[in-house]
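S.K.: The file below is model-v8.txt, compact mmCIF, C-alpha atoms:
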# COMPACT_ATOMS: atom_id res chain seq x y z
CA MET A 1 41.64 167.50 134.92
CA MET A 2 45.00 165.78 135.31
CA ASP A 3 43.21 162.88 136.99
CA ALA A 4 40.88 162.52 134.04
CA LEU A 5 43.88 162.56 131.72
CA HIS A 6 45.63 159.86 133.75
CA ASN A 7 42.45 157.76 133.75
CA ARG A 8 42.12 158.00 129.97
CA GLN A 9 45.80 157.04 129.49
CA GLY A 10 45.44 154.08 131.91
CA LYS A 11 42.38 152.80 130.11
CA GLY A 12 44.21 153.21 126.79
CA ARG A 13 47.19 151.17 128.04
CA LYS A 14 44.85 148.46 129.35
CA GLY A 15 43.08 148.33 126.02
CA ALA A 16 46.42 148.07 124.20
CA ILE A 17 47.50 145.20 126.45
CA GLN A 18 44.26 143.36 125.76
CA VAL A 19 44.67 143.86 122.03
CA ASP A 20 48.28 142.64 122.28
CA PHE A 21 47.08 139.59 124.16
CA VAL A 22 44.47 138.76 121.54
CA ILE A 23 46.97 139.22 118.71
CA ALA A 24 49.53 137.05 120.55
CA VAL A 25 47.04 134.26 121.22
CA GLY A 26 45.80 134.45 117.66
CA SER A 27 49.34 134.25 116.29
CA PHE A 28 50.10 131.35 118.59
CA LEU A 29 47.03 129.45 117.44
CA VAL A 30 47.78 130.10 113.78
CA ILE A 31 51.38 128.94 114.14
CA PHE A 32 50.31 125.94 116.21
CA ALA A 33 47.70 124.98 113.63
CA PHE A 34 50.35 125.22 110.92
CA LEU A 35 52.77 123.07 112.92
CA LEU A 36 50.10 120.49 113.68
CA GLN A 37 49.18 120.32 110.01
CA TYR A 38 52.85 119.86 109.10
CA ILE A 39 53.46 117.19 111.72
CA THR A 40 50.30 115.17 111.01
CA GLY A 41 51.08 115.36 107.31
CA TYR A 42 54.49 113.84 108.00
CA TYR A 43 52.95 111.24 110.31
CA ALA A 44 50.42 110.27 107.63
CA ALA A 45 53.21 109.79 105.08
CA ALA A 46 55.26 107.73 107.55
CA LYS A 47 52.20 105.59 108.33
CA ASP A 48 51.72 104.89 104.63
CA ASP A 49 55.35 103.84 104.31
CA ILE A 50 55.25 101.47 107.23
CA GLU A 51 51.97 99.97 106.04
CA LEU A 52 53.50 99.32 102.62
CA ALA A 53 56.57 97.75 104.26
CA ALA A 54 54.34 95.41 106.28
CA LEU A 55 52.35 94.44 103.18
CA ARG A 56 55.55 93.81 101.26
CA SER A 57 57.04 91.59 103.96
CA GLU A 58 53.86 89.51 104.07
CA ALA A 59 53.86 89.26 100.25
CA LEU A 60 57.47 88.03 100.36
CA GLY A 61 56.44 85.45 102.93
CA LEU A 62 53.63 84.24 100.66
CA LEU A 63 55.98 84.06 97.69
CA ARG A 64 58.11 81.62 99.67
CA ILE A 65 55.34 79.00 99.52
CA ALA A 66 57.04 77.86 96.34
CA ASP A 67 60.11 76.91 98.42
CA GLN A 68 58.46 74.92 101.18
CA GLU A 69 56.05 72.09 101.82
CA PRO A 70 52.86 72.75 103.74
CA VAL A 71 52.55 71.87 107.41
CA PRO A 72 51.00 69.37 107.83
CA LYS A 73 51.69 67.88 104.41
CA GLU A 74 48.32 66.18 104.03
CA TRP A 75 46.20 69.00 105.45
CA THR A 76 42.45 68.88 104.90
CA THR A 77 40.73 72.03 106.23
CA ALA A 78 43.61 74.47 106.47
CA PRO A 79 47.37 74.25 106.94
CA LEU A 80 49.43 75.72 109.74
CA ARG A 81 51.87 76.84 107.05
CA LEU A 82 51.09 77.29 103.38
CA GLY A 83 53.37 75.47 101.00
CA LEU A 84 53.20 74.05 97.49
CA ARG A 85 56.62 72.53 96.95
CA THR A 86 57.45 68.92 96.47
CA TYR A 87 60.50 67.22 95.05
CA ALA A 88 60.06 65.45 91.75
CA TYR A 89 62.80 63.53 90.00
CA ARG A 90 64.31 63.74 86.56
CA PHE A 91 66.67 61.53 84.67
CA TYR A 92 67.96 61.38 81.11
CA VAL A 93 68.00 58.48 78.70
CA LEU A 94 70.48 58.50 75.84
CA ILE A 95 69.49 56.65 72.67
CA ASN A 96 72.51 56.54 70.45
CA ASN A 97 72.03 55.01 67.02
CA THR A 98 75.70 54.30 66.33
CA THR A 99 77.56 51.04 65.95
CA PRO A 100 78.87 50.65 69.55
CA TYR A 101 75.29 50.74 70.81
CA LEU A 102 73.82 48.23 68.38
CA ARG A 103 72.75 45.01 70.07
CA ASN A 104 73.82 43.16 66.94
CA PRO A 105 77.06 44.83 65.77
CA SER A 106 76.75 43.26 62.34
CA ASP A 107 73.53 45.17 61.63
CA PRO A 108 73.95 48.14 59.29
CA LEU A 109 73.32 51.62 60.62
CA ALA A 110 69.82 52.73 59.61
CA ARG A 111 66.94 54.79 60.86
CA ILE A 112 65.01 52.90 63.52
CA GLU A 113 61.29 53.47 63.76
CA GLY A 114 59.99 52.77 67.25
CA GLU A 115 63.08 51.82 69.23
CA LEU A 116 61.79 50.38 72.50
CA VAL A 117 63.22 51.63 75.78
CA THR A 118 62.38 49.90 79.05
CA PHE A 119 63.36 50.79 82.59
CA ASN A 120 62.37 49.79 86.08
CA TYR A 121 62.25 52.26 88.97
CA SER A 122 63.37 49.67 91.52
CA ASP A 123 66.48 49.01 89.45
CA LEU A 124 67.11 52.76 89.47
CA GLY A 125 66.86 52.83 93.26
CA PHE A 126 63.31 54.18 93.57
CA PRO A 127 61.12 51.30 94.73
CA GLY A 128 58.21 53.26 96.20
CA ILE A 129 57.26 55.92 93.68
CA ASP A 130 53.99 56.87 92.00
CA ILE A 131 54.51 55.06 88.69
CA ASN A 132 51.57 56.94 87.17
CA SER A 133 53.43 60.21 87.68
CA THR A 134 55.86 59.26 84.90
CA VAL A 135 56.12 61.81 82.10
CA ILE A 136 58.50 61.26 79.21
CA TYR A 137 59.63 64.11 76.97
CA ASP A 138 61.28 64.04 73.57
CA ASN A 139 62.15 67.75 73.42
CA ASP A 140 58.75 69.31 74.07
CA THR A 141 56.71 66.29 72.92
CA VAL A 142 55.21 64.06 75.58
CA LEU A 143 55.70 60.40 74.64
CA PRO A 144 53.13 57.72 75.49
CA TYR A 145 54.34 54.78 77.55
CA GLN A 146 53.18 51.39 78.74
CA ILE A 147 53.23 50.20 82.34
CA THR A 148 53.80 46.48 82.76
CA ASP A 149 54.06 45.50 86.42
CA THR A 150 56.72 47.95 87.53
CA ASN A 151 58.34 48.41 84.13
CA ILE A 152 57.91 51.46 81.93
CA THR A 153 58.28 51.02 78.18
CA PHE A 154 58.19 53.71 75.53
CA ASN A 155 59.36 53.94 71.94
CA VAL A 156 61.10 56.62 69.98
CA SER A 157 62.30 56.89 66.38
CA VAL A 158 65.95 57.67 65.85
CA SER A 159 67.87 58.26 62.62
CA ALA A 160 71.15 56.60 61.72
CA SER A 161 74.07 58.06 63.71
CA GLU A 162 71.63 60.24 65.66
CA GLU A 163 72.00 60.83 69.39
CA LYS A 164 68.66 61.46 71.10
CA TRP A 165 68.18 62.60 74.68
CA ILE A 166 64.91 61.71 76.39
CA VAL A 167 63.90 63.28 79.72
CA VAL A 168 61.81 61.34 82.23
CA TYR A 169 60.10 62.95 85.22
CA PHE A 170 58.46 61.12 88.12
CA ASP A 171 57.20 61.83 91.62
CA ASP A 172 57.24 59.76 94.78
CA ASN A 173 54.31 61.16 96.78
CA SER A 174 51.66 62.03 94.22
CA ASN A 175 48.55 60.09 93.18
CA PHE A 176 48.04 60.46 89.45
CA SER A 177 45.80 58.23 87.37
CA SER A 178 47.27 55.73 84.97
CA ARG A 179 47.95 56.87 81.41
CA SER A 180 49.41 53.60 80.27
CA SER A 181 48.89 52.74 76.61
CA THR A 182 50.21 49.93 74.47
CA VAL A 183 53.48 50.62 72.72
CA SER A 184 55.29 48.41 70.27
CA GLY A 185 58.53 48.51 68.37
CA VAL A 186 61.92 46.96 68.06
CA ASN A 187 64.83 46.67 70.42
CA ASN A 188 67.98 47.13 68.37
CA LEU A 189 69.95 49.48 70.61
CA THR A 190 71.38 49.56 74.12
CA GLU A 191 70.26 52.72 75.87
CA LYS A 192 72.12 54.55 78.59
CA ILE A 193 70.14 55.72 81.62
CA PHE A 194 71.63 58.40 83.84
CA ALA A 195 71.14 58.88 87.56
CA ALA A 196 68.04 60.73 88.67
CA GLU A 197 68.28 64.20 90.16
CA ARG A 198 65.83 65.82 92.51
CA ILE A 199 64.09 69.01 91.39
CA PRO A 200 61.66 71.25 93.27
CA VAL A 201 58.25 71.64 91.64
CA LEU A 202 54.88 72.95 92.70
CA GLN A 203 52.97 69.76 93.29
CA TYR A 204 49.66 69.22 91.51
CA LYS A 205 48.14 67.60 94.59
CA GLN A 206 49.00 70.62 96.76
CA LEU A 207 47.78 73.08 94.12
CA GLN A 208 44.45 71.30 93.96
CA ARG A 209 44.23 71.10 97.72
CA LEU A 210 44.78 74.85 98.01
CA ASN A 211 42.43 75.67 95.15
CA THR A 212 39.53 73.75 96.70
CA SER A 213 40.05 75.00 100.27
CA ASN A 214 38.18 77.71 102.13
CA TYR A 215 40.05 81.01 101.83
CA THR A 216 38.96 82.40 105.21
CA LEU A 217 39.91 79.23 107.08
CA VAL A 218 43.29 79.05 105.37
CA LYS A 219 43.97 82.74 106.06
CA ASN A 220 43.08 82.41 109.74
CA MET A 221 44.82 79.11 110.37
CA SER A 222 48.01 80.16 108.58
CA ASP A 223 48.02 83.41 110.53
CA ILE A 224 48.08 85.56 107.38
CA LYS A 225 47.19 89.05 108.51
CA ASN A 226 46.20 90.72 105.22
CA ASN A 227 43.99 89.75 102.31
CA PHE A 228 45.80 88.05 99.48
CA ARG A 229 45.52 86.38 96.10
CA ILE A 230 47.80 83.70 94.68
CA GLN A 231 47.83 83.11 90.94
CA LEU A 232 49.76 80.57 88.92
CA ALA A 233 49.98 81.17 85.19
CA ASP A 234 51.33 78.83 82.54
CA ILE A 235 54.00 80.76 80.68
CA ASP A 236 53.96 78.71 77.47
CA ILE A 237 50.23 79.00 76.80
CA ASN A 238 49.83 82.29 78.73
CA GLN A 239 46.83 81.11 80.72
CA THR A 240 46.00 81.29 84.40
CA TYR A 241 46.19 77.80 85.83
CA ILE A 242 45.06 78.63 89.37
CA SER A 243 43.70 81.78 90.99
CA TYR A 244 43.14 81.60 94.73
CA GLY A 245 41.85 84.36 96.95
CA GLY A 246 39.85 87.53 96.50
CA ALA A 247 40.24 90.20 93.83
CA PRO A 248 42.39 93.14 94.91
CA PRO A 249 40.55 96.43 95.51
CA ARG A 250 40.41 99.03 92.78
CA ARG A 251 41.80 101.63 95.17
CA GLY A 252 44.30 101.34 97.99
CA ASP A 253 47.72 99.84 98.57
CA VAL A 254 48.29 96.52 96.83
CA ILE A 255 51.69 94.84 96.77
CA SER A 256 52.20 92.45 93.89
CA LEU A 257 55.24 90.17 93.60
CA GLN A 258 55.98 87.38 91.17
CA ARG A 259 58.52 84.68 90.51
CA PHE A 260 59.05 81.91 87.99
CA VAL A 261 58.39 78.35 89.04
CA VAL A 262 58.08 74.83 87.68
CA TYR A 263 54.77 73.12 88.36
CA GLN A 264 52.99 69.82 87.80
CA ASN A 265 49.70 69.85 85.96
CA ALA A 266 46.86 67.29 86.05
CA THR A 267 48.70 64.84 83.81
CA ALA A 268 51.97 65.11 85.75
CA ALA A 269 53.49 67.19 82.99
CA VAL A 270 56.19 69.53 84.23
CA ARG A 271 55.39 73.05 83.06
CA LYS A 272 56.92 76.50 83.30
CA GLY A 273 54.85 78.81 85.46
CA ARG A 274 54.72 82.29 86.92
CA LEU A 275 53.59 82.59 90.52
CA THR A 276 52.06 85.98 91.39
CA VAL A 277 51.16 87.00 94.91
CA GLN A 278 49.07 90.10 95.69
CA VAL A 279 48.54 91.40 99.21
CA TRP A 280 46.39 94.31 100.36
CA MET B 1 43.72 130.57 133.03
CA LEU B 2 42.83 130.42 129.36
CA LEU B 3 46.45 129.90 128.47
CA MET B 4 46.78 127.00 130.88
CA VAL B 5 43.71 125.35 129.41
CA LEU B 6 45.03 125.98 125.91
CA VAL B 7 48.45 124.53 126.67
CA GLY B 8 46.89 121.56 128.42
CA ALA B 9 44.65 120.85 125.42
CA ILE B 10 47.58 121.12 123.02
CA VAL B 11 49.83 118.82 125.04
CA SER B 12 47.02 116.31 125.44
CA SER B 13 46.17 116.24 121.73
CA LEU B 14 49.81 115.94 120.71
CA ASN B 15 50.27 113.08 123.15
CA THR B 16 47.25 111.33 121.67
CA VAL B 17 48.59 111.79 118.15
CA ARG B 18 52.00 110.49 119.22
CA SER B 19 50.50 107.50 121.01
CA ASP B 20 48.24 106.55 118.08
CA PHE B 21 51.11 106.92 115.67
CA ARG B 22 53.40 104.84 117.83
CA SER B 23 50.80 102.11 118.15
CA PHE B 24 50.23 101.99 114.39
CA ILE B 25 53.92 102.02 113.52
CA GLY B 26 54.72 99.51 116.25
CA THR B 27 52.08 97.03 115.06
CA HIS B 28 53.38 97.04 111.51
CA GLU B 29 57.02 96.96 112.53
CA ILE B 30 56.23 93.91 114.64
CA GLU B 31 54.80 92.23 111.52
CA ASN B 32 58.02 93.01 109.66
CA THR B 33 60.12 91.64 112.50
CA CYS B 34 58.03 88.50 112.57
CA GLU B 35 58.60 87.90 108.85
CA LEU B 36 62.34 88.35 109.37
CA ILE B 37 62.39 85.69 112.08
CA LYS B 38 60.27 83.33 109.99
CA SER B 39 62.44 83.72 106.92
CA GLY B 40 65.56 83.05 109.02
CA ILE B 41 64.08 79.80 110.31
CA GLU B 42 62.93 78.77 106.83
CA LYS B 43 66.49 79.13 105.56
CA LEU B 44 67.72 76.67 108.18
CA TYR B 45 65.02 74.05 108.50
CA THR B 46 65.84 71.02 106.36
CA GLY B 47 62.48 69.35 106.63
CA GLU B 48 61.77 65.86 107.78
CA ARG B 49 63.53 64.04 104.95
CA TYR B 50 67.06 64.68 106.05
CA ASN B 51 68.38 62.16 108.58
CA SER B 52 71.85 62.12 110.01
CA SER B 53 73.71 59.77 112.33
CA VAL B 54 75.30 62.75 114.08
CA ASN B 55 73.90 66.04 115.36
CA ILE B 56 73.85 68.72 112.70
CA THR B 57 73.94 72.40 113.59
CA SER B 58 73.52 75.41 111.36
CA ARG B 59 72.92 79.06 112.08
CA VAL B 60 71.95 82.30 110.45
CA PHE B 61 72.31 85.90 111.59
CA VAL B 62 69.34 88.20 111.17
CA SER B 63 69.41 91.98 111.54
CA LEU B 64 66.30 92.78 113.54
CA PRO B 65 65.43 96.41 114.34
CA GLU B 66 66.97 97.73 117.56
CA ARG B 67 63.69 99.32 118.59
CA ILE B 68 60.10 99.07 117.44
CA GLY B 69 58.17 102.32 117.26
CA ASP B 70 61.01 103.84 119.27
CA MET B 71 60.26 101.35 122.06
CA ASN B 72 62.31 98.53 123.49
CA TYR B 73 60.93 95.13 122.65
CA ARG B 74 61.48 91.43 123.07
CA ALA B 75 60.83 88.54 120.73
CA ARG B 76 60.42 85.09 122.23
CA PHE B 77 59.00 81.72 121.26
CA VAL B 78 55.90 80.16 122.73
CA ASN B 79 55.05 76.68 121.39
CA ASP B 80 55.28 77.03 117.58
CA SER B 81 54.75 80.78 117.51
CA ALA B 82 56.85 83.87 118.04
CA ILE B 83 55.54 86.57 120.39
CA ILE B 84 56.92 90.07 119.94
CA GLU B 85 56.20 92.52 122.74
CA ALA B 86 57.03 96.23 122.63
CA PHE B 87 57.26 97.92 126.03
CA GLY B 88 55.47 101.23 125.59
CA PRO B 89 53.42 103.08 126.49
CA PRO B 90 51.48 101.96 124.59
CA SER B 91 52.31 98.28 125.07
CA ILE B 92 51.95 96.41 121.82
CA ASN B 93 52.31 92.72 121.18
CA ASP B 94 51.58 90.32 118.38
CA THR B 95 51.91 86.60 117.82
CA CYS B 96 52.90 85.04 114.55
CA ARG B 97 52.85 81.35 113.88
CA ILE B 98 56.03 79.76 112.58
CA GLY B 99 54.30 76.45 111.95
CA PHE B 100 57.15 73.99 111.68
CA ASN B 101 57.07 70.98 113.97
CA ILE B 102 60.18 72.03 115.87
CA THR B 103 61.10 72.81 119.47
CA TYR B 104 61.68 76.53 119.86
CA ARG B 105 63.77 78.20 122.54
CA GLY B 106 65.28 81.55 123.28
CA SER B 107 64.50 85.22 122.92
CA THR B 108 66.04 88.40 121.63
CA SER B 109 65.75 92.11 122.25
CA GLY B 110 66.49 93.01 118.66
CA GLY B 111 69.62 93.96 116.80
CA ARG B 112 71.91 91.32 115.36
CA THR B 113 70.26 88.04 116.27
CA GLU B 114 71.51 84.51 115.84
CA ILE B 115 69.06 81.78 114.96
CA ASN B 116 70.56 78.38 115.55
CA TYR B 117 69.10 75.12 114.21
CA THR B 118 70.09 71.69 115.47
CA ARG B 119 68.93 68.37 114.04
CA PHE B 120 69.72 65.73 116.60
CA SER B 121 70.54 62.23 115.47
CA GLU B 122 67.36 61.00 117.15
CA GLY B 123 65.41 63.11 114.67
CA ILE B 124 64.52 65.95 117.07
CA ASP B 125 64.76 69.50 115.75
CA LEU B 126 65.60 72.52 117.89
CA ILE B 127 65.59 76.21 116.98
CA PHE B 128 67.33 78.56 119.39
CA MET B 129 67.23 82.33 119.05
CA GLY B 130 69.44 84.78 120.88
CA ARG B 131 71.09 88.13 120.51
CA ALA B 132 74.44 87.72 118.79
Could I get this file's structure written as structure tokens?
M.R.:
Amino acid sequence: MMDALHNRQGKGRKGAIQVDFVIAVGSFLVIFAFLLQYITGYYAAAKDDIELAALRSEALGLLRIADQEPVPKEWTTAPLRLGLRTYAYRFYVLINNTTPYLRNPSDPLARIEGELVTFNYSDLGFPGIDINSTVIYDNDTVLPYQITDTNITFNVSVSASEEKWIVVYFDDNSNFSSRSSTVSGVNNLTEKIFAAERIPVLQYKQLQRLNTSNYTLVKNMSDIKNNFRIQLADIDINQTYISYGGAPPRRGDVISLQRFVVYQNATAAVRKGRLTVQVW
Amino acid sequence: MLLMVLVGAIVSSLNTVRSDFRSFIGTHEIENTCELIKSGIEKLYTGERYNSSVNITSRVFVSLPERIGDMNYRARFVNDSAIIEAFGPPSINDTCRIGFNITYRGSTSGGRTEINYTRFSEGIDLIFMGRA
């Protein structure tokens, strides 16, 4: 009888140990599953962060195309480096309708309609420029001009005792078409022309080259890892001037950066623009 | 026996997760590092217009990450590209094109890195990269 009692107690202890084992393994698995869920959740969040950082750094790299020229400059199929920048030049012309500037000092001060202004790029120290890239501004108004050999002539009306500043832009490595038109007027004043300064602009030729290129070839050749879109909008008329690349996805991570730039349009006009780069 | 199998499965799966994560993080961190090197060179390179009768040298210091994906790495130039290799496991590497028509030399293992640009009077350009 005692033996039977001992047997029953032994079997009971064995059963309890087995139950303990099952409970322990179960608890371990539950806790492990919880830990795994926690860790992979953290990993997923960290992966998202690093992916966003990589997209952002590539977007910043694309935004820098406004600061550099492409390599090679006259690329045809695709460049090794994307770039849109060129250097254009700007100088100011002062037309001062006061006595010291009158060619004939005995003339009375009066409003002059169509005062002729002529300059020559070689005399200014720029012998080899694209003369057709000349754009002349009177405030925001583009003035017509006449090209005669290598001389540029334009006219502007100026009131008595008025001081008028005209801005002239030109480029040295563009290929614009001629917009020369006949101008006429009088030459009663001596104008003052100031030295030209160099300014960075997004070149029309490079913008067109990019806009007509194959996106896939450019992406592969330039070693751009992610999909992208480059848009240039004209700020004054609020219109998109160029949109290059695919449309960003409706869902997913898209990094969008923008900066303000100065660009050349088809008539060599210098315009205010907004460059937007999207990478996904 | 069951426990050993269980522990083995858990260790194996965690190792796989860690390795995949490291590979993913490492690849993207390499892209970031590449952009840092490229932007440093862009700040220095004057382009082909600038000519000088004497050698001109300029330099910039770039703070590259000490490790990529918690792995040691090395960035070096090959032709006109930068190759960044992380010594795993897993081993990860990526090449990014710099693009400028310059001679590139040097390498770095991360951290504070000096990028040195020299325009020789003959018109030759040299970029040298090294740990500062």
S.K.: Name the closest residue to Leu63 in chain A among the candidates A:Gly83, A:Glu115, A:Asp107, A:Trp75; distances are taken between atoms, counting all atoms listed in the file.
M.R.: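 Once distances to Leu63 in chain A are computed over all atoms listed in the file, the minimum belongs to A:Gly83.
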S.K.: Using only C-alpha atoms, which residues of chain A come within 6 Å of chain B, and what is the closest atom pair for each, with the distance in Å to one decimal? Give it as a tab-separated table, sorted by chain and residue number.
M.R.:
residue	atom	partner	partner_atom	distance
A:Ala54	CA	B:Asn32	CA	5.5
A:Ser57	CA	B:Asn32	CA	6.0
A:Leu80	CA	B:Gly99	CA	5.4
A:Arg81	CA	B:Gly99	CA	5.5
S.K.: Residues at most 9 Å from Thr103 in chain B, counting all atoms listed in the file, excluding those fewer than 4 positions away in the same chain, as JSON, numbers by chain?
M.R.: {"B": [79, 80, 124, 125, 126, 127, 128]}
S.K.: Counting only C-alpha atoms, I want the residues whose atoms come within 12 Å of (41.6, 83.4, 94.9) in the file frame, returned as a list in words.
M.R.: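 Within the cut-off we find Leu210, Asn211, Thr212, Ser213, Asn214, Tyr215, Thr216, Val218, Lys219, Asn227, Phe228, Arg229, Ile230, Gln231, Leu232, Thr240, Tyr241, Ile242, Ser243, Tyr244, Gly245, Gly246, Ala247, Pro248, Thr276, Val277, Gln278 and Val279 of chain A.
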S.K.: Residues within 10 Å of Ser121 in chain B, please, as a ChimeraX atom specification. Count only C-alpha atoms; anything in the same chain fewer than 3 positions from it doesn't count.
M.R.: /B:51-56,118,124-125
S.K.: Just C-alpha atoms for this one: save the residues we selected as a short mmCIF file (atom, residue, chain, number, x, y, z; two decimals), keeping the file's coordinate frame.
M.R.:
data_model
loop_
_atom_site.label_atom_id
_atom_site.label_comp_id
_atom_site.auth_asym_id
_atom_site.auth_seq_id
_atom_site.Cartn_x
_atom_site.Cartn_y
_atom_site.Cartn_z
CA ASN B 51 68.38 62.16 108.58
CA SER B 52 71.85 62.12 110.01
CA SER B 53 73.71 59.77 112.33
CA VAL B 54 75.30 62.75 114.08
CA ASN B 55 73.90 66.04 115.36
CA ILE B 56 73.85 68.72 112.70
CA THR B 118 70.09 71.69 115.47
CA ILE B 124 64.52 65.95 117.07
CA ASP B 125 64.76 69.50 115.75
#
S.K.: Rounded to one decimal, what separation in Å do you get between CA of Ser178 in chain A and CA of Ser122 in chain A?
M.R.: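 Result for CA of Ser178 in chain A versus CA of Ser122 in chain A: 18.4 Å, one decimal.
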S.K.: Give me, please, the distance in Å between CA of Leu94 in chain A and CA of Ser159 in chain A, quoted to one decimal.
M.R.: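 Separating CA of Leu94 in chain A from CA of Ser159 in chain A is a distance of 13.5 Å.
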S.K.: Which one is closest to Asp223 in chain A: A:Gly114, A:Asn155, A:Gly128, A:Pro79? Count only C-alpha atoms.
M.R.: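 Of all the options, A:Pro79 lies closest to Asp223 in chain A.
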S.K.: Residues at most 7 Å from Val93 in chain A, counting all atoms listed in the file, excluding those fewer than 3 positions away in the same chain, as a list in words?
M.R.: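 My list of contacting residues is Trp165, Ile166, Val167, Glu191, Lys192, Ile193 and Phe194 of chain A.
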S.K.: Under the rule that only C-alpha atoms are counted, which of A:Lys205, A:Leu189, A:Lys47, A:Val168 is the nearest residue to Ser23 in chain B?
M.R.: A:Lys47
S.K.: Could you jot down the CA of Ala9 in chain B to CA of Phe28 in chain A separation for me, Å, one decimal place?
M.R.: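 One can read the CA of Ala9 in chain B to CA of Phe28 in chain A distance as 13.7 Å.
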S.K.: Tell me, as a short mmCIF file (atom, residue, chain, number, x, y, z; two decimals) with C-alpha atoms, keeping the file's coordinate frame, which residues lie within 7 Å of Leu64 in chain B, counting all atoms listed in the file; anything in the same chain fewer than 5 positions away does not count.
M.R.:
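What follows is the written file result39.cif:
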data_model
loop_
_atom_site.label_atom_id
_atom_site.label_comp_id
_atom_site.auth_asym_id
_atom_site.auth_seq_id
_atom_site.Cartn_x
_atom_site.Cartn_y
_atom_site.Cartn_z
CA THR B 33 60.12 91.64 112.50
CA GLY B 110 66.49 93.01 118.66
CA GLY B 111 69.62 93.96 116.80
CA ARG B 112 71.91 91.32 115.36
CA THR B 113 70.26 88.04 116.27
#
S.K.: Name the residues in contact with Glu69 in chain A at a cut-off of 7 Å, using only C-alpha atoms, excluding same-chain residues fewer than 5 positions from it; report them as a list in words.
M.R.: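 Neighbouring residues, sequence-local ones excluded: Gly83, Leu84, Arg85 and Thr86 of chain A.
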